[in-house]
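Peer 1: So that you have it, the file is my_file_0.pdb, and it contains PDB, C-alpha atoms:
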```pdb
ATOM      1  CA  MET A   1      54.059 -48.078  65.862
ATOM      2  CA  PRO A   2      57.405 -49.564  64.793
ATOM      3  CA  ALA A   3      60.201 -49.506  67.309
ATOM      4  CA  THR A   4      62.820 -46.822  66.716
ATOM      5  CA  PRO A   5      66.335 -48.260  66.454
ATOM      6  CA  GLN A   6      68.491 -47.312  69.409
ATOM      7  CA  LEU A   7      71.122 -44.643  68.727
ATOM      8  CA  ILE A   8      74.657 -44.578  70.122
ATOM      9  CA  GLU A   9      77.426 -42.034  69.866
ATOM     10  CA  THR A  10      80.807 -42.518  68.176
ATOM     11  CA  THR A  11      82.649 -43.048  71.482
ATOM     12  CA  GLN A  12      80.046 -45.547  72.704
ATOM     13  CA  LEU A  13      80.265 -47.506  69.451
ATOM     14  CA  ALA A  14      84.083 -47.419  69.636
ATOM     15  CA  LYS A  15      83.978 -48.918  73.162
ATOM     16  CA  LEU A  16      81.408 -51.508  72.115
ATOM     17  CA  ILE A  17      83.492 -52.817  69.192
ATOM     18  CA  ASP A  18      86.805 -52.229  71.014
ATOM     19  CA  VAL A  19      88.370 -49.697  68.645
ATOM     20  CA  THR A  20      89.212 -45.997  68.809
ATOM     21  CA  PRO A  21      86.738 -43.275  67.793
ATOM     22  CA  ALA A  22      89.145 -42.362  64.966
ATOM     23  CA  TRP A  23      88.871 -45.921  63.640
ATOM     24  CA  VAL A  24      85.062 -45.670  63.743
ATOM     25  CA  ARG A  25      85.275 -42.474  61.690
ATOM     26  CA  LYS A  26      87.608 -44.185  59.199
ATOM     27  CA  LEU A  27      85.240 -47.152  58.861
ATOM     28  CA  THR A  28      82.409 -44.675  58.264
ATOM     29  CA  ALA A  29      84.444 -42.882  55.574
ATOM     30  CA  ASP A  30      85.229 -46.268  53.965
ATOM     31  CA  GLY A  31      81.518 -47.149  53.865
ATOM     32  CA  VAL A  32      81.723 -49.997  56.369
ATOM     33  CA  LEU A  33      79.561 -48.194  58.951
ATOM     34  CA  SER A  34      76.606 -45.896  58.254
ATOM     35  CA  ARG A  35      75.572 -42.945  60.390
ATOM     36  CA  ALA A  36      72.075 -42.703  61.737
ATOM     37  CA  ARG A  37      69.607 -40.494  59.851
ATOM     38  CA  ASP A  38      67.037 -38.063  61.224
ATOM     39  CA  ALA A  39      63.371 -37.877  60.196
ATOM     40  CA  ASP A  40      64.315 -35.812  57.126
ATOM     41  CA  GLY A  41      66.886 -38.435  55.971
ATOM     42  CA  LYS A  42      69.960 -36.343  56.809
ATOM     43  CA  GLU A  43      72.973 -38.017  58.419
ATOM     44  CA  MET A  44      73.380 -37.339  62.120
ATOM     45  CA  VAL A  45      77.029 -36.544  62.826
ATOM     46  CA  GLY A  46      78.483 -38.675  65.640
ATOM     47  CA  ARG A  47      75.391 -40.905  65.913
ATOM     48  CA  TYR A  48      74.990 -44.521  64.797
ATOM     49  CA  TYR A  49      72.242 -47.097  65.008
ATOM     50  CA  ILE A  50      73.090 -50.040  67.279
ATOM     51  CA  LEU A  51      72.991 -52.180  64.097
ATOM     52  CA  ALA A  52      76.388 -50.687  63.245
ATOM     53  CA  VAL A  53      77.823 -53.463  65.460
ATOM     54  CA  ARG A  54      76.340 -56.028  63.037
ATOM     55  CA  ASP A  55      77.894 -54.162  60.088
ATOM     56  CA  TYR A  56      81.273 -54.193  61.817
ATOM     57  CA  CYS A  57      80.989 -57.970  62.452
ATOM     58  CA  ARG A  58      80.247 -58.535  58.745
ATOM     59  CA  TYR A  59      83.283 -56.430  57.860
ATOM     60  CA  LEU A  60      85.493 -58.572  60.146
ATOM     61  CA  ARG A  61      84.135 -61.826  58.676
ATOM     62  CA  ALA A  62      84.832 -60.604  55.145
ATOM     63  CA  ALA A  63      88.369 -59.596  56.131
ATOM     64  CA  ALA A  64      88.932 -63.011  57.739
ATOM     65  CA  ARG A  65      87.820 -64.753  54.540
ATOM     66  CA  LEU A  66      90.366 -62.741  52.559
ATOM     67  CA  ASP A  67      93.070 -63.745  55.025
ATOM     68  CA  ASP A  68      92.016 -67.398  54.730
ATOM     69  CA  ALA A  69      92.281 -67.193  50.941
ATOM     70  CA  SER A  70      95.763 -65.699  51.071
ATOM     71  CA  GLU A  71      96.806 -68.310  53.624
ATOM     72  CA  ALA A  72      95.447 -71.081  51.398
ATOM     73  CA  ARG A  73      97.367 -69.608  48.438
ATOM     74  CA  GLY A  74     100.498 -69.515  50.586
ATOM     75  CA  ARG A  75     100.032 -73.189  51.516
ATOM     76  CA  ALA A  76      99.527 -74.065  47.853
ATOM     77  CA  LEU A  77     102.734 -72.237  46.884
ATOM     78  CA  ARG A  78     104.670 -74.000  49.663
ATOM     79  CA  ASN A  79     103.329 -77.354  48.452
ATOM     80  CA  GLU A  80     104.325 -76.541  44.865
ATOM     81  CA  LYS A  81     107.820 -75.620  46.044
ATOM     82  CA  LEU A  82     108.146 -78.859  48.037
ATOM     83  CA  ALA A  83     106.939 -80.875  45.035
ATOM     84  CA  ALA A  84     109.474 -79.151  42.755
ATOM     85  CA  GLU A  85     112.301 -79.758  45.247
ATOM     86  CA  SER A  86     111.280 -83.424  45.543
ATOM     87  CA  GLU A  87     111.249 -83.797  41.756
ATOM     88  CA  MET A  88     114.706 -82.199  41.517
ATOM     89  CA  MET A  89     116.052 -84.639  44.141
ATOM     90  CA  HIS A  90     114.639 -87.590  42.166
ATOM     91  CA  LEU A  91     116.158 -86.268  38.939
ATOM     92  CA  ASN A  92     119.554 -85.739  40.602
ATOM     93  CA  LEU A  93     119.439 -89.249  42.041
ATOM     94  CA  ALA A  94     118.520 -90.730  38.659
ATOM     95  CA  GLU A  95     121.392 -88.819  37.047
ATOM     96  CA  ARG A  96     123.878 -90.063  39.659
ATOM     97  CA  LYS A  97     122.662 -93.634  39.124
ATOM     98  CA  GLY A  98     123.197 -93.227  35.389
ATOM     99  CA  GLU A  99     119.480 -93.590  34.639
ATOM    100  CA  LEU A 100     119.195 -90.009  33.423
ATOM    101  CA  HIS A 101     121.634 -87.983  31.340
ATOM    102  CA  ASP A 102     122.072 -84.284  30.792
ATOM    103  CA  ALA A 103     121.045 -83.297  27.264
ATOM    104  CA  ARG A 104     124.455 -81.673  26.673
ATOM    105  CA  ASP A 105     126.226 -84.904  27.620
ATOM    106  CA  VAL A 106     124.024 -86.948  25.294
ATOM    107  CA  GLU A 107     124.534 -84.455  22.479
ATOM    108  CA  PHE A 108     128.312 -84.534  22.967
ATOM    109  CA  ILE A 109     128.503 -88.322  23.047
ATOM    110  CA  MET A 110     126.123 -88.785  20.120
ATOM    111  CA  ASN A 111     128.095 -86.255  18.087
ATOM    112  CA  ASN A 112     131.283 -88.209  18.838
ATOM    113  CA  MET A 113     129.649 -91.514  17.921
ATOM    114  CA  LEU A 114     128.177 -90.169  14.695
ATOM    115  CA  THR A 115     131.420 -88.459  13.708
ATOM    116  CA  TYR A 116     133.359 -91.686  14.280
ATOM    117  CA  PHE A 117     130.690 -93.649  12.395
ATOM    118  CA  LYS A 118     130.873 -91.229   9.453
ATOM    119  CA  GLN A 119     134.676 -91.500   9.347
ATOM    120  CA  ARG A 120     134.517 -95.303   9.390
ATOM    121  CA  VAL A 121     131.904 -95.421   6.632
ATOM    122  CA  LEU A 122     133.822 -92.977   4.465
ATOM    123  CA  SER A 123     137.024 -94.988   4.922
ATOM    124  CA  ILE A 124     135.460 -98.238   3.694
ATOM    125  CA  PRO A 125     136.313 -97.611   0.008
ATOM    126  CA  ALA A 126     139.960 -96.846   0.841
ATOM    127  CA  ARG A 127     140.337 -99.945   3.047
ATOM    128  CA  VAL A 128     138.424-102.382   0.861
ATOM    129  CA  ALA A 129     139.104-101.253  -2.724
ATOM    130  CA  ARG A 130     142.501-102.949  -3.034
ATOM    131  CA  LEU A 131     141.239-106.089  -1.336
ATOM    132  CA  CYS A 132     138.535-106.401  -3.979
ATOM    133  CA  VAL A 133     140.927-106.650  -6.934
ATOM    134  CA  GLY A 134     140.610-110.092  -8.512
ATOM    135  CA  LYS A 135     137.890-111.258  -6.071
ATOM    136  CA  THR A 136     134.583-112.849  -6.901
ATOM    137  CA  PHE A 137     131.278-111.093  -6.318
ATOM    138  CA  ARG A 138     130.650-113.131  -3.162
ATOM    139  CA  GLU A 139     134.098-112.316  -1.713
ATOM    140  CA  ILE A 140     133.638-108.587  -2.431
ATOM    141  CA  PHE A 141     130.162-108.723  -0.903
ATOM    142  CA  ASP A 142     131.509-110.428   2.257
ATOM    143  CA  LEU A 143     134.353-107.881   2.617
ATOM    144  CA  LEU A 144     131.915-104.972   2.334
ATOM    145  CA  MET A 145     129.454-106.548   4.784
ATOM    146  CA  ILE A 146     132.194-107.082   7.379
ATOM    147  CA  GLU A 147     133.231-103.429   7.125
ATOM    148  CA  ILE A 148     129.621-102.200   7.274
ATOM    149  CA  GLU A 149     128.862-104.368  10.318
ATOM    150  CA  LEU A 150     131.943-102.991  12.096
ATOM    151  CA  CYS A 151     130.660 -99.477  11.415
ATOM    152  CA  LEU A 152     127.159-100.312  12.628
ATOM    153  CA  ARG A 153     128.480-101.768  15.886
ATOM    154  CA  GLU A 154     129.544 -98.226  16.736
ATOM    155  CA  LEU A 155     125.904 -97.249  16.904
ATOM    156  CA  SER A 156     124.445-100.428  18.391
ATOM    157  CA  GLY A 157     123.499-100.828  22.019
ATOM    158  CA  TYR A 158     123.297 -98.342  24.844
ATOM    159  CA  ASP A 159     126.188 -98.576  27.281
ATOM    160  CA  ARG A 160     125.667 -96.615  30.499
ATOM    161  CA  ALA A 161     129.332 -96.929  31.446
ATOM    162  CA  ARG A 162     130.348 -95.517  28.068
ATOM    163  CA  PHE A 163     128.249 -92.388  28.676
ATOM    164  CA  ALA A 164     129.741 -91.948  32.144
ATOM    165  CA  ALA A 165     133.310 -92.484  30.903
ATOM    166  CA  GLN A 166     132.933 -90.111  27.954
ATOM    167  CA  ARG A 167     131.273 -87.514  30.181
ATOM    168  CA  GLN A 168     134.154 -87.751  32.647
ATOM    169  CA  LYS A 169     136.722 -87.484  29.847
ATOM    170  CA  TYR A 170     134.855 -84.521  28.335
ATOM    171  CA  LEU A 171     134.694 -82.664  31.643
ATOM    172  CA  GLU A 172     138.351 -83.376  32.438
ATOM    173  CA  ASN A 173     139.350 -82.034  29.009
ATOM    174  CA  ARG A 174     137.394 -78.886  29.811
ATOM    175  CA  GLY A 175     139.280 -78.532  33.107
ATOM    176  CA  ILE A 176     136.209 -79.044  35.295
ATOM    177  CA  ASP A 177     136.722 -80.418  38.800
ATOM    178  CA  LEU A 178     134.744 -83.684  38.935
ATOM    179  CA  GLU A 179     134.930 -83.896  42.732
ATOM    180  CA  GLY A 180     133.358 -80.449  43.001
ATOM    181  CA  LEU A 181     130.460 -81.573  40.802
ATOM    182  CA  ASN A 182     129.568 -84.367  43.190
ATOM    183  CA  ASP A 183     129.605 -82.262  46.359
ATOM    184  CA  ASP A 184     126.061 -81.525  47.518
ATOM    185  CA  ASP A 185     127.034 -78.210  49.072
ATOM    186  CA  ASP A 186     128.736 -76.898  45.913
ATOM    187  CA  ASP A 187     126.573 -73.997  44.756
ATOM    188  CA  GLN A 188     128.032 -73.716  41.261
ATOM    189  CA  THR A 189     126.298 -75.868  38.638
ATOM    190  CA  GLU A 190     128.042 -77.890  36.006
ATOM    191  CA  ALA A 191     126.696 -75.570  33.322
ATOM    192  CA  GLU A 192     128.268 -72.565  35.073
ATOM    193  CA  GLN A 193     131.626 -74.367  35.299
ATOM    194  CA  ILE A 194     131.487 -75.242  31.608
ATOM    195  CA  ALA A 195     130.588 -71.666  30.723
ATOM    196  CA  GLU A 196     133.562 -70.350  32.716
ATOM    197  CA  SER A 197     136.059 -72.701  31.061
TER     198      SER A 197
END
```
Once you've parsed the file, please lay out its structure as structure tokens.

Peer 2:
Amino acid sequence: MPATPQLIETTQLAKLIDVTPAWVRKLTADGVLSRARDADGKEMVGRYYILAVRDYCRYLRAAARLDDASEARGRALRNEKLAAESEMMHLNLAERKGELHDARDVEFIMNNMLTYFKQRVLSIPARVARLCVGKTFREIFDLLMIEIELCLRELSGYDRARFAAQRQKYLENRGIDLEGLNDDDDDQTEAEQIAES
């Protein structure tokens, strides 16, 4: 004859798992714990098999795993934030060293360079035309080459100091405080200052 599982009441189970009887009833309503059944298969109100303790332990383990997963996700988010902050510090340092330039600064300087280049190229005919009168082909060719080379020098070579100087001049013309841009504790970004001016 198989052994009959031992039955305990709601209050006994509550004491055994160190919760209130109301909590036991809530766990039963949530499907975590199952009431004991009589010979006909009907639930016995206020009675549980002793195996309900095992069911409660499984419930706690599952809840702990969920907490571990959320804690792991929190650690991952913190690590992502630290990595992003580290990257921003490296980018700021590179910008201050002149190894990295803001896209707006590059666009401004390149626009200036190309505008000046265009003006110089378009002025070649006016500057050279009179000098070409009565000259040989070789002399005309040399005059044109000198003018073209002067124009091309505008575009040749990257000069870090030139970017920094033009950026400073640009910002000063816009009325932006350069000292304020270099302060680490200044909360307003350069873009915000430009937008305000």

Peer 1: Measuring between only C-alpha atoms, which one of A:Met44, A:Arg104, A:Phe141, A:Lys15 shows the shortest distance to Leu171 (chain A)?

Peer 2: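 Among A:Met44, A:Arg104, A:Phe141, A:Lys15, it is A:Arg104 that comes nearest to Leu171 (chain A).
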
Peer 1: Excluding Leu91 (chain A) and residues on its chain fewer than 4 positions from it, collect all residues at most 8 Å away from it, counting all atoms listed in the file, and give them as a ChimeraX atom specification.

Peer 2: /A:87,95,100

Peer 1: Got a sec to check which residues sit within 12 Å of (132.7, -98.1, 9.3), counting all atoms listed in the file, and write them as an mmCIF file with C-alpha atoms, keeping the file's coordinate frame?

Peer 2:
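Result saved to point28.cif:
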```
data_model
loop_
_atom_site.group_PDB
_atom_site.id
_atom_site.type_symbol
_atom_site.label_atom_id
_atom_site.label_comp_id
_atom_site.auth_asym_id
_atom_site.auth_seq_id
_atom_site.Cartn_x
_atom_site.Cartn_y
_atom_site.Cartn_z
ATOM 1 C CA MET A 113 129.649 -91.514 17.921
ATOM 2 C CA LEU A 114 128.177 -90.169 14.695
ATOM 3 C CA THR A 115 131.420 -88.459 13.708
ATOM 4 C CA TYR A 116 133.359 -91.686 14.280
ATOM 5 C CA PHE A 117 130.690 -93.649 12.395
ATOM 6 C CA LYS A 118 130.873 -91.229 9.453
ATOM 7 C CA GLN A 119 134.676 -91.500 9.347
ATOM 8 C CA ARG A 120 134.517 -95.303 9.390
ATOM 9 C CA VAL A 121 131.904 -95.421 6.632
ATOM 10 C CA LEU A 122 133.822 -92.977 4.465
ATOM 11 C CA SER A 123 137.024 -94.988 4.922
ATOM 12 C CA ILE A 124 135.460 -98.238 3.694
ATOM 13 C CA PRO A 125 136.313 -97.611 0.008
ATOM 14 C CA ALA A 126 139.960 -96.846 0.841
ATOM 15 C CA ARG A 127 140.337 -99.945 3.047
ATOM 16 C CA VAL A 128 138.424 -102.382 0.861
ATOM 17 C CA LEU A 143 134.353 -107.881 2.617
ATOM 18 C CA LEU A 144 131.915 -104.972 2.334
ATOM 19 C CA MET A 145 129.454 -106.548 4.784
ATOM 20 C CA ILE A 146 132.194 -107.082 7.379
ATOM 21 C CA GLU A 147 133.231 -103.429 7.125
ATOM 22 C CA ILE A 148 129.621 -102.200 7.274
ATOM 23 C CA GLU A 149 128.862 -104.368 10.318
ATOM 24 C CA LEU A 150 131.943 -102.991 12.096
ATOM 25 C CA CYS A 151 130.660 -99.477 11.415
ATOM 26 C CA LEU A 152 127.159 -100.312 12.628
ATOM 27 C CA ARG A 153 128.480 -101.768 15.886
ATOM 28 C CA GLU A 154 129.544 -98.226 16.736
ATOM 29 C CA LEU A 155 125.904 -97.249 16.904
#
```

Peer 1: Just how far from CA of Tyr49 (chain A) is CA of Arg35 (chain A), in Å to one decimal?

Peer 2: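 Going from CA of Arg35 (chain A) over to CA of Tyr49 (chain A), I get 7.0 Å.
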
Peer 1: Using all atoms listed in the file, pick whichever of A:Lys42, A:Gly74, A:Gln166, A:Leu51 has the shortest atom-to-atom distance to Asn111 (chain A).

Peer 2: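 The shortest atom-to-atom distance to Asn111 (chain A) comes from A:Gln166.
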
Peer 1: Using the chain letters and residue numbers of this document, give as a PyMOL selection string the residues selected by the PyMOL selection byres ((chain A and resi 55-62) around 12).

Peer 2: chain A and resi 13-14+16-19+23-24+27-28+30-35+48-54+63-69
